[in-house]
Amino acid sequence: QKEVEQNSGPLSVPEGAIASLNCTYSDRVSQSFFWYRQYSGKSPELIMSIYSNGDKEDGRFTAQLNKASQYVSLLIRDSQPSDSATYLCAANNDMRFGAGTRLTVKP
Amino acid sequence: KAGVTQTPRYLIKTRGQQVTLSCSPISGHRSVSWYQQTPGQGLQFLFEYFSETQRNKGNFPGRFSGRQFSNSRSEMNVSTLELGDSALYLCASSSRDTSYEQYFGPGTRLTVT
């Protein structure tokens with residue numbers, strides 16, 4: 001069983017819309033969660049970390065964590081074409097990554 | 001602060017050869033993790049080193065090995081290369097003792113022919 005699961009997508013949203021990316025994890029021991037963005041041909045870049053239940057906002061990005069449901073999500077408000085990338089979810093337990101969700105924001 | 005550096009950036013090897021990749025973490029970071037990324041398998045964890053000790057290991061054959069030096073620099077070695085070892089090899093550093101946030105280097109693109 002995979003430890004971190006993401007919808008593989010691809011996900012396509014129009015410019016200005018909200019993009020919603022989801023991730024579930026299987027190991028209840030995991031305490032911290034991370035979202036990375038990876039542009040094609042580049043290495044992953046950390047964009048958000050979240051440790052407590054609830055929401056954490058950083059600019060246009062909001063991470064949501066629900067430990068009871070073992071679910072973490074990333075919302076991107078006012079999506080821009082420059083947000084087009086693959087988004088990877090990771091849990092701190094051995095830093096396993098999900099397969100990633102490819103997001104395309106169409107102008 | 002300088003970021004994570006990896007050398008070489010690109011490498012072409014022949015099946016059966018061995019290869020050594022190098023990673024220098026962010027100054028002050030004592031944890032270095034290695035990942036293999038392929039289009040079909042995504043980002044797969046190889047191993048993590050912290051203070052010169054291997055802390056975690058993924059599900060890779062023994063041909064994949066690593067080590068960490070006292071200055072936290074790390075090397076990864078792959079022996080008896082196979083065609084399927086062609087991938088982007090990424091290393092990431094973390095302070096580990098205060099945060100699990102990892103910062104990735106640019107990667108080494110290995111092609112096995």
# chains A, B, ... in the order shown; residues from 1 in each chain; ligands from 1
call {"tool": "closest_atom_pairs", "arguments": {"of": "chain A", "to": "chain B", "cutoff": "10 Å", "atoms": "only C-alpha atoms", "output": "tab-separated table"}}
result
residue	atom	partner	partner_atom	distance
A:Gln31	CA	B:Tyr100	CA	9.9
A:Ser32	CA	B:Tyr100	CA	7.5
A:Phe33	CA	B:Glu101	CA	8.9
A:Phe34	CA	B:Glu101	CA	7.5
A:Trp35	CA	B:Glu101	CA	10.0
A:Tyr36	CA	B:Gln102	CA	9.7
A:Gly41	CA	B:Pro106	CA	9.4
A:Lys42	CA	B:Pro106	CA	6.7
A:Ser43	CA	B:Pro106	CA	5.4
A:Pro44	CA	B:Phe104	CA	6.3
A:Glu45	CA	B:Phe104	CA	6.9
A:Leu46	CA	B:Tyr103	CA	6.8
A:Met48	CA	B:Glu101	CA	9.3
A:Ser49	CA	B:Glu101	CA	7.4
A:Leu88	CA	B:Leu43	CA	9.0
A:Ala90	CA	B:Glu101	CA	9.9
A:Ala91	CA	B:Tyr100	CA	9.2
A:Asn92	CA	B:Tyr100	CA	6.3
A:Asn93	CA	B:Tyr100	CA	9.4
A:Asp94	CA	B:Asn56	CA	6.8
A:Met95	CA	B:Phe45	CA	7.6
A:Arg96	CA	B:Phe45	CA	6.6
A:Phe97	CA	B:Leu43	CA	6.5
A:Gly98	CA	B:Leu43	CA	7.8
A:Ala99	CA	B:Gly42	CA	5.5
A:Gly100	CA	B:Gly42	CA	7.7
call {"tool": "residues_around", "arguments": {"residues": "Ser74 (chain B)", "least_positions_apart": "4", "cutoff": "9 Å", "atoms": "only C-alpha atoms", "output": "PyMOL selection string"}}
result
chain B and resi 21-25+32-33+49+52+66-69+91
call {"tool": "write_last_selection", "arguments": {"atoms": "C-alpha atoms", "output": "PDB file, in the first residue's frame"}}
result
ATOM      1  CA  LEU B  21      27.213  11.152  -7.549  1.00  0.00           C
ATOM      2  CA  SER B  22      27.974  13.933  -5.117  1.00  0.00           C
ATOM      3  CA  CYS B  23      25.773  16.243  -3.075  1.00  0.00           C
ATOM      4  CA  SER B  24      26.697  19.218  -0.916  1.00  0.00           C
ATOM      5  CA  PRO B  25      23.894  20.270   1.435  1.00  0.00           C
ATOM      6  CA  VAL B  32      20.894  14.437   3.181  1.00  0.00           C
ATOM      7  CA  SER B  33      18.337  12.301   1.383  1.00  0.00           C
ATOM      8  CA  TYR B  49      21.970  10.111   5.978  1.00  0.00           C
ATOM      9  CA  GLU B  52      27.269  10.231   8.796  1.00  0.00           C
ATOM     10  CA  GLY B  66      25.679   5.949  -0.129  1.00  0.00           C
ATOM     11  CA  ARG B  67      27.734   7.613   2.506  1.00  0.00           C
ATOM     12  CA  GLN B  68      28.050  10.898   4.285  1.00  0.00           C
ATOM     13  CA  PHE B  69      31.173  12.679   5.354  1.00  0.00           C
ATOM     14  CA  CYS B  91      19.441  14.961  -3.283  1.00  0.00           C
TER      15      CYS B  91
END
call {"tool": "closest_residue", "arguments": {"among": "A:Arg28, A:Gly9, A:Thr101, A:Phe61", "to": "Ser79 (chain A)", "atoms": "only C-alpha atoms"}}
result
A:Phe61
call {"tool": "residues_around", "arguments": {"residues": "Thr113 (chain B)", "least_positions_apart": "2", "cutoff": "10 Å", "atoms": "only C-alpha atoms", "output": "number ranges by chain"}}
result
B: 12-16, 81-86, 110-111
call {"tool": "write_last_selection", "arguments": {"atoms": "N, CA and C atoms", "output": "PDB file, in the first residue's frame"}}
result
ATOM      1  N   ILE B  12      26.669  10.159 -18.678  1.00  0.00           N
ATOM      2  CA  ILE B  12      26.313   9.038 -19.553  1.00  0.00           C
ATOM      3  C   ILE B  12      27.254   7.894 -19.248  1.00  0.00           C
ATOM      4  N   LYS B  13      26.674   6.760 -18.925  1.00  0.00           N
ATOM      5  CA  LYS B  13      27.468   5.585 -18.571  1.00  0.00           C
ATOM      6  C   LYS B  13      26.981   4.389 -19.378  1.00  0.00           C
ATOM      7  N   THR B  14      27.818   3.374 -19.403  1.00  0.00           N
ATOM      8  CA  THR B  14      27.491   2.141 -20.109  1.00  0.00           C
ATOM      9  C   THR B  14      27.034   1.092 -19.107  1.00  0.00           C
ATOM     10  N   ARG B  15      26.122   0.265 -19.529  1.00  0.00           N
ATOM     11  CA  ARG B  15      25.628  -0.831 -18.685  1.00  0.00           C
ATOM     12  C   ARG B  15      26.803  -1.628 -18.105  1.00  0.00           C
ATOM     13  N   GLY B  16      26.727  -1.931 -16.823  1.00  0.00           N
ATOM     14  CA  GLY B  16      27.780  -2.677 -16.160  1.00  0.00           C
ATOM     15  C   GLY B  16      28.793  -1.814 -15.435  1.00  0.00           C
ATOM     16  N   LEU B  81      25.682  -0.869 -13.372  1.00  0.00           N
ATOM     17  CA  LEU B  81      24.560  -0.107 -13.894  1.00  0.00           C
ATOM     18  C   LEU B  81      23.706  -0.927 -14.859  1.00  0.00           C
ATOM     19  N   GLU B  82      22.411  -0.694 -14.752  1.00  0.00           N
ATOM     20  CA  GLU B  82      21.442  -1.301 -15.657  1.00  0.00           C
ATOM     21  C   GLU B  82      20.727  -0.191 -16.416  1.00  0.00           C
ATOM     22  N   LEU B  83      20.139  -0.558 -17.558  1.00  0.00           N
ATOM     23  CA  LEU B  83      19.440   0.442 -18.360  1.00  0.00           C
ATOM     24  C   LEU B  83      18.359   1.142 -17.553  1.00  0.00           C
ATOM     25  N   GLY B  84      17.710   0.398 -16.671  1.00  0.00           N
ATOM     26  CA  GLY B  84      16.634   0.948 -15.855  1.00  0.00           C
ATOM     27  C   GLY B  84      17.084   1.936 -14.804  1.00  0.00           C
ATOM     28  N   ASP B  85      18.387   2.080 -14.642  1.00  0.00           N
ATOM     29  CA  ASP B  85      18.904   3.054 -13.676  1.00  0.00           C
ATOM     30  C   ASP B  85      18.934   4.459 -14.262  1.00  0.00           C
ATOM     31  N   SER B  86      18.627   4.578 -15.531  1.00  0.00           N
ATOM     32  CA  SER B  86      18.562   5.904 -16.155  1.00  0.00           C
ATOM     33  C   SER B  86      17.464   6.705 -15.477  1.00  0.00           C
ATOM     34  N   LEU B 110      21.274  10.922 -15.104  1.00  0.00           N
ATOM     35  CA  LEU B 110      22.097   9.767 -15.467  1.00  0.00           C
ATOM     36  C   LEU B 110      21.436   9.020 -16.618  1.00  0.00           C
ATOM     37  N   THR B 111      22.195   8.812 -17.643  1.00  0.00           N
ATOM     38  CA  THR B 111      21.737   8.007 -18.778  1.00  0.00           C
ATOM     39  C   THR B 111      22.630   6.789 -18.892  1.00  0.00           C
TER      40      THR B 111
END
call {"tool": "atom_distance", "arguments": {"atom1": "CA of Ser65 (chain B)", "atom2": "CA of His29 (chain B)"}}
result
20.6 Å
call {"tool": "select_by_dssp", "arguments": {"residues": "chain B", "states": "strand (DSSP E)", "output": "NGL selection string"}}
result
:B and (5-7 or 10-13 or 19-24 or 31-38 or 42-50 or 53-57 or 64-68 or 74-78 or 87-94 or 103-104 or 108-112)
call {"tool": "residues_around", "arguments": {"residues": "region 17-26 of chain A", "least_positions_apart": "4", "cutoff": "8 Å", "atoms": "only C-alpha atoms", "output": "list in words"}}
result
Lys2, Glu3, Val4, Glu5, Gln6, Asn7, Val13, Gln70, Tyr71, Val72, Ser73, Leu74, Leu75, Ile76, Arg77, Asp78, Ser79, Tyr87, Cys89, Ala91, Gly98 and Thr101 of chain A
call {"tool": "atom_distance", "arguments": {"atom1": "CA of Arg30 (chain B)", "atom2": "CA of Ser94 (chain B)"}}
result
6.6 Å
call {"tool": "atom_distance", "arguments": {"atom1": "CA of Leu11 (chain B)", "atom2": "CA of Asn71 (chain B)"}}
result
24.8 Å
